[in-house]
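Trainee: Sending over input38.txt (compact mmCIF, C-alpha atoms).
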# COMPACT_ATOMS: atom_id res chain seq x y z
CA MET A 1359 0.00 0.00 0.00
CA PRO A 1360 1.45 3.26 -0.99
CA ALA A 1361 2.12 5.86 1.72
CA ILE A 1362 -0.11 8.84 1.70
CA PRO A 1363 1.85 11.98 2.10
CA LEU A 1364 0.86 14.14 5.11
CA GLN A 1365 -0.69 17.27 3.91
CA LEU A 1366 -0.99 20.24 6.21
CA SER A 1367 -3.33 22.94 5.32
CA SER A 1368 -4.11 26.11 7.18
CA ASP A 1369 -7.73 24.94 7.55
CA SER A 1370 -6.72 21.69 9.25
CA ILE A 1371 -4.24 23.48 11.52
CA SER A 1372 -6.88 26.04 12.47
CA ALA A 1373 -9.44 23.30 13.20
CA ASP A 1374 -6.91 21.35 15.25
CA ALA A 1375 -5.95 24.49 17.21
CA THR A 1376 -9.61 25.27 17.91
CA PHE A 1377 -10.19 21.71 19.09
CA LEU A 1378 -7.13 21.84 21.37
CA ALA A 1379 -8.16 25.23 22.77
CA SER A 1380 -11.63 23.87 23.56
CA VAL A 1381 -10.11 20.84 25.30
CA ALA A 1382 -7.77 23.15 27.28
CA ILE A 1383 -10.70 25.35 28.36
CA ILE A 1384 -12.72 22.30 29.47
CA LEU A 1385 -9.73 20.85 31.37
CA GLY A 1386 -9.03 24.26 32.95
CA THR A 1387 -12.65 24.57 34.05
CA ILE A 1388 -12.59 21.10 35.57
CA PHE A 1389 -9.36 21.98 37.41
CA VAL A 1390 -10.86 25.23 38.76
CA VAL A 1391 -14.02 23.42 39.95
CA LEU A 1392 -11.93 20.77 41.72
CA GLU A 1393 -9.73 23.43 43.35
CA MET A 1394 -12.78 25.39 44.51
CA ARG A 1395 -14.23 22.25 46.09
CA ASP A 1396 -10.93 21.53 47.84
CA ASN A 1397 -10.74 25.15 49.03
CA ARG A 1398 -14.31 24.96 50.35
CA ARG A 1399 -13.36 21.84 52.32
CA LEU A 1400 -10.30 23.62 53.71
CA VAL A 1401 -12.41 26.64 54.71
CA GLU A 1402 -14.99 24.38 56.38
CA ALA A 1403 -12.25 22.51 58.24
CA SER A 1404 -10.70 25.81 59.35
CA PHE A 1405 -14.10 27.08 60.48
CA LYS A 1406 -14.72 23.91 62.52
CA GLN A 1407 -11.25 24.20 64.05
CA ALA A 1408 -11.88 27.85 64.95
CA ASN A 1409 -15.24 26.94 66.54
CA THR A 1410 -13.59 24.19 68.56
CA ALA A 1411 -10.89 26.59 69.73
CA ALA A 1412 -13.53 29.18 70.70
CA GLN A 1413 -15.47 26.57 72.66
CA GLN A 1414 -12.29 25.51 74.42
CA LEU A 1415 -11.51 29.14 75.31
CA ALA A 1416 -15.03 29.59 76.71
CA GLN A 1417 -14.66 26.43 78.79
CA ASN A 1418 -11.24 27.56 80.04
CA HIS A 1419 -12.73 30.94 80.99
CA GLU A 1420 -15.55 29.26 82.91
CA LEU A 1421 -13.09 27.00 84.71
CA ALA A 1422 -10.83 29.93 85.59
CA THR A 1423 -13.84 31.89 86.85
CA MET A 1424 -14.98 29.01 89.02
CA ASP A 1425 -11.43 28.55 90.31
CA LEU A 1426 -11.28 32.24 91.21
CA ILE A 1427 -14.62 32.30 93.00
CA THR A 1428 -13.82 29.01 94.77
CA ARG A 1429 -10.59 30.52 96.08
CA VAL A 1430 -12.44 33.59 97.31
CA TYR A 1431 -15.06 31.34 98.89
CA ASP A 1432 -12.34 29.27 100.57
CA PHE A 1433 -10.87 32.47 101.98
CA ALA A 1434 -14.32 33.61 103.13
CA ASN A 1435 -14.80 30.29 104.92
CA SER A 1436 -11.58 30.61 106.88
CA LEU A 1437 -11.94 30.76 110.64
CA GLU A 1438 -10.64 34.33 110.74
CA VAL A 1439 -13.16 35.63 108.20
CA GLN A 1440 -16.00 33.68 109.79
CA ARG A 1441 -15.16 35.32 113.14
CA SER A 1442 -15.22 38.71 111.44
CA TRP A 1443 -18.53 37.88 109.74
CA LEU A 1444 -20.05 36.84 113.05
CA THR A 1445 -18.79 40.06 114.64
CA VAL A 1446 -20.38 42.17 111.90
CA LEU A 1447 -23.68 40.32 112.19
CA THR A 1448 -23.89 40.48 115.99
CA THR A 1449 -22.50 43.98 116.53
CA LYS A 1450 -25.20 46.50 115.78
CA VAL A 1451 -23.60 49.60 114.33
CA ALA A 1452 -25.96 52.44 113.48
CA SER A 1453 -23.33 55.13 112.81
CA LEU A 1454 -19.63 55.72 112.36
CA GLY A 1455 -19.51 56.77 116.02
CA ASP A 1456 -20.78 53.32 117.03
CA TYR A 1457 -18.07 51.77 114.85
CA GLU A 1458 -15.33 54.00 116.27
CA SER A 1459 -16.30 53.11 119.85
CA LEU A 1460 -15.69 49.40 119.12
CA PRO A 1461 -12.43 47.72 120.16
CA GLU A 1462 -9.82 47.48 117.41
CA ASP A 1463 -10.42 43.78 116.71
CA LYS A 1464 -14.11 44.46 116.01
CA GLN A 1465 -13.26 47.47 113.85
CA LEU A 1466 -10.90 45.26 111.86
CA ALA A 1467 -13.71 42.72 111.45
CA PHE A 1468 -15.85 45.41 109.80
CA GLN A 1469 -12.95 46.42 107.56
CA GLN A 1470 -12.27 42.80 106.58
CA ILE A 1471 -15.86 41.95 105.67
CA ALA A 1472 -16.37 45.23 103.82
CA SER A 1473 -13.14 44.58 101.90
CA LEU A 1474 -14.27 41.06 101.01
CA PHE A 1475 -17.52 42.36 99.52
CA GLU A 1476 -15.68 45.24 97.87
CA MET A 1477 -13.49 42.69 96.09
CA LEU A 1478 -16.54 40.65 95.05
CA GLY A 1479 -18.20 43.78 93.71
CA LEU A 1480 -15.12 44.66 91.68
CA LEU A 1481 -14.91 41.12 90.25
CA VAL A 1482 -18.54 41.34 89.18
CA GLU A 1483 -18.19 44.87 87.81
CA LYS A 1484 -15.19 43.90 85.66
CA GLY A 1485 -16.96 40.78 84.39
CA TYR A 1486 -14.64 38.23 85.97
CA VAL A 1487 -17.47 36.64 87.95
CA SER A 1488 -21.19 36.69 87.28
CA GLU A 1489 -23.42 38.45 89.76
CA LYS A 1490 -25.59 35.31 89.87
CA VAL A 1491 -22.67 33.22 91.16
CA VAL A 1492 -21.84 35.82 93.82
CA ASP A 1493 -25.49 36.08 94.79
CA ASP A 1494 -25.72 32.29 95.10
CA MET A 1495 -22.54 31.93 97.16
CA PHE A 1496 -22.44 35.02 99.39
CA ALA A 1497 -24.93 36.92 101.56
CA THR A 1498 -24.34 40.23 99.85
CA GLN A 1499 -27.60 41.89 100.84
CA LEU A 1500 -27.18 40.92 104.50
CA ALA A 1501 -23.62 42.21 104.42
CA TRP A 1502 -24.74 45.54 102.93
CA ARG A 1503 -27.48 46.00 105.54
CA SER A 1504 -24.99 45.24 108.32
CA LEU A 1505 -22.21 47.44 106.93
CA GLU A 1506 -24.09 50.35 105.36
CA PRO A 1507 -23.88 52.68 108.42
CA PHE A 1508 -20.13 52.00 108.65
CA VAL A 1509 -19.61 52.56 104.90
CA MET A 1510 -21.64 55.77 104.78
CA GLY A 1511 -19.88 57.06 107.90
CA MET A 1512 -16.47 56.41 106.33
CA ARG A 1513 -17.51 58.28 103.19
CA GLU A 1514 -18.77 61.22 105.23
CA LYS A 1515 -15.75 61.34 107.56
CA TYR A 1516 -13.20 61.22 104.75
CA VAL A 1517 -15.34 63.16 102.24
CA SER A 1518 -14.98 60.48 99.61
CA GLU A 1519 -17.50 58.44 97.67
CA GLU A 1520 -14.79 55.87 96.93
CA TYR A 1521 -15.11 53.91 100.16
CA PHE A 1522 -16.53 50.50 99.28
CA VAL A 1523 -18.13 51.75 96.07
CA TRP A 1524 -17.94 48.31 94.38
CA MET A 1525 -19.72 46.71 97.31
CA GLU A 1526 -22.55 49.22 97.02
CA LYS A 1527 -22.77 48.71 93.25
CA LEU A 1528 -22.98 44.97 93.79
CA HIS A 1529 -25.75 45.49 96.37
CA LYS A 1530 -27.68 47.69 93.90
CA ARG A 1531 -27.24 45.21 91.04
CA LEU A 1532 -28.51 42.36 93.16
CA SER A 1533 -31.38 44.47 94.53
CA SER A 1534 -32.63 45.24 91.03
CA ALA A 1535 -32.13 41.69 89.72
Represent the structure contained in this file as structure tokens.

Mentor:
Amino acid sequence: MPAIPLQLSSDSISADATFLASVAIILGTIFVVLEMRDNRRLVEASFKQANTAAQQLAQNHELATMDLITRVYDFANSLEVQRSWLTVLTTKVASLGDYESLPEDKQLAFQQIASLFEMLGLLVEKGYVSEKVVDDMFATQLAWRSLEPFVMGMREKYVSEEYFVWMEKLHKRLSSA
């Protein structure tokens, strides 16, 4: 059989080039679709990982908060603080004069309990501890009623609204809740 010579014409080259360009466009489109699907999977995986990390941070924050309030509660349950608490509850102080006529150890009991509730008020105000947790664990309203004459007397004597302001804010928050 005789060999047929290969004939190249501009029409056949143009048709072949068009065919190859079409195949390249189809293959490119398929590649882009596959890459977009892979990228979507990567984005979804990253989103899930970020959600997991956020949940872990929230759990760590809750644990740290409970650790903090437990430590404060442990301190408040110490024998020394319980003695001070009992002193504040049983010593009826109606004015700063009543407070100032107390012996030093009883005055220190008032200072200690007021400082404890001042710290709790600050922790609540700054968002470190929820007011609900403090309300559940501490007798804030009873403390305020017992200490209010002392606190107001200190403010008047030293002409400063800063004495135990966080304690009063905590009392007001819990009163309105």

Trainee: Give as an mmCIF file with C-alpha atoms, keeping the file's coordinate frame each residue that has an atom at most 12 Å from (-31.0, 43.1, 108.5) in the file, counting all atoms listed in the file.

Mentor:
data_model
loop_
_atom_site.group_PDB
_atom_site.id
_atom_site.type_symbol
_atom_site.label_atom_id
_atom_site.label_comp_id
_atom_site.auth_asym_id
_atom_site.auth_seq_id
_atom_site.Cartn_x
_atom_site.Cartn_y
_atom_site.Cartn_z
ATOM 1 C CA VAL A 1446 -20.380 42.170 111.900
ATOM 2 C CA LEU A 1447 -23.680 40.320 112.190
ATOM 3 C CA THR A 1448 -23.890 40.480 115.990
ATOM 4 C CA THR A 1449 -22.500 43.980 116.530
ATOM 5 C CA LYS A 1450 -25.200 46.500 115.780
ATOM 6 C CA VAL A 1451 -23.600 49.600 114.330
ATOM 7 C CA ALA A 1452 -25.960 52.440 113.480
ATOM 8 C CA ALA A 1497 -24.930 36.920 101.560
ATOM 9 C CA THR A 1498 -24.340 40.230 99.850
ATOM 10 C CA GLN A 1499 -27.600 41.890 100.840
ATOM 11 C CA LEU A 1500 -27.180 40.920 104.500
ATOM 12 C CA ALA A 1501 -23.620 42.210 104.420
ATOM 13 C CA TRP A 1502 -24.740 45.540 102.930
ATOM 14 C CA ARG A 1503 -27.480 46.000 105.540
ATOM 15 C CA SER A 1504 -24.990 45.240 108.320
ATOM 16 C CA LEU A 1505 -22.210 47.440 106.930
ATOM 17 C CA GLU A 1506 -24.090 50.350 105.360
ATOM 18 C CA PRO A 1507 -23.880 52.680 108.420
#

Trainee: Could you give me, as a list in words, the residues within 9 Å of A:Gly1511, counting all atoms listed in the file and dropping anything in the same chain fewer than 6 positions from it?

Mentor: Ser1453, Leu1454, Gly1455 and Tyr1457 of chain A

Trainee: When you count all atoms listed in the file, which of these residues is closest to A:Trp1524: A:Ala1408, A:Ala1434, A:Ala1472, A:Val1401?

Mentor: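 When distances to A:Trp1524 are compared using all atoms listed in the file, the smallest one comes from A:Ala1472.
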
Trainee: Just how far from atom CA of A:Glu1483 is atom CA of A:Gln1469, in Å to one decimal?

Mentor: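 Atom CA of A:Glu1483 lies at a distance of 20.5 Å from atom CA of A:Gln1469.
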
Trainee: May I ask for the distance between atom CA of A:Asp1463 and atom CA of A:Ser1442, given in Å to one decimal place?

Mentor: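 Calculated distance between atom CA of A:Asp1463 and atom CA of A:Ser1442 is 8.7 Å.
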
Trainee: Looking at all atoms listed in the file, which of A:Asp1432, A:Gln1465, A:Val1517, A:Ile1427 is the one that sits closest to A:Glu1489?

Mentor: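 Among A:Asp1432, A:Gln1465, A:Val1517, A:Ile1427, it is A:Ile1427 that comes nearest to A:Glu1489.
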
Trainee: Looking at all atoms listed in the file, which of A:Ile1383, A:Ala1422, A:Ala1403, A:Met1394 is the one that sits closest to A:Val1487?

Mentor: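 Comparing A:Ile1383, A:Ala1422, A:Ala1403, A:Met1394 against A:Val1487, the winner is A:Ala1422.
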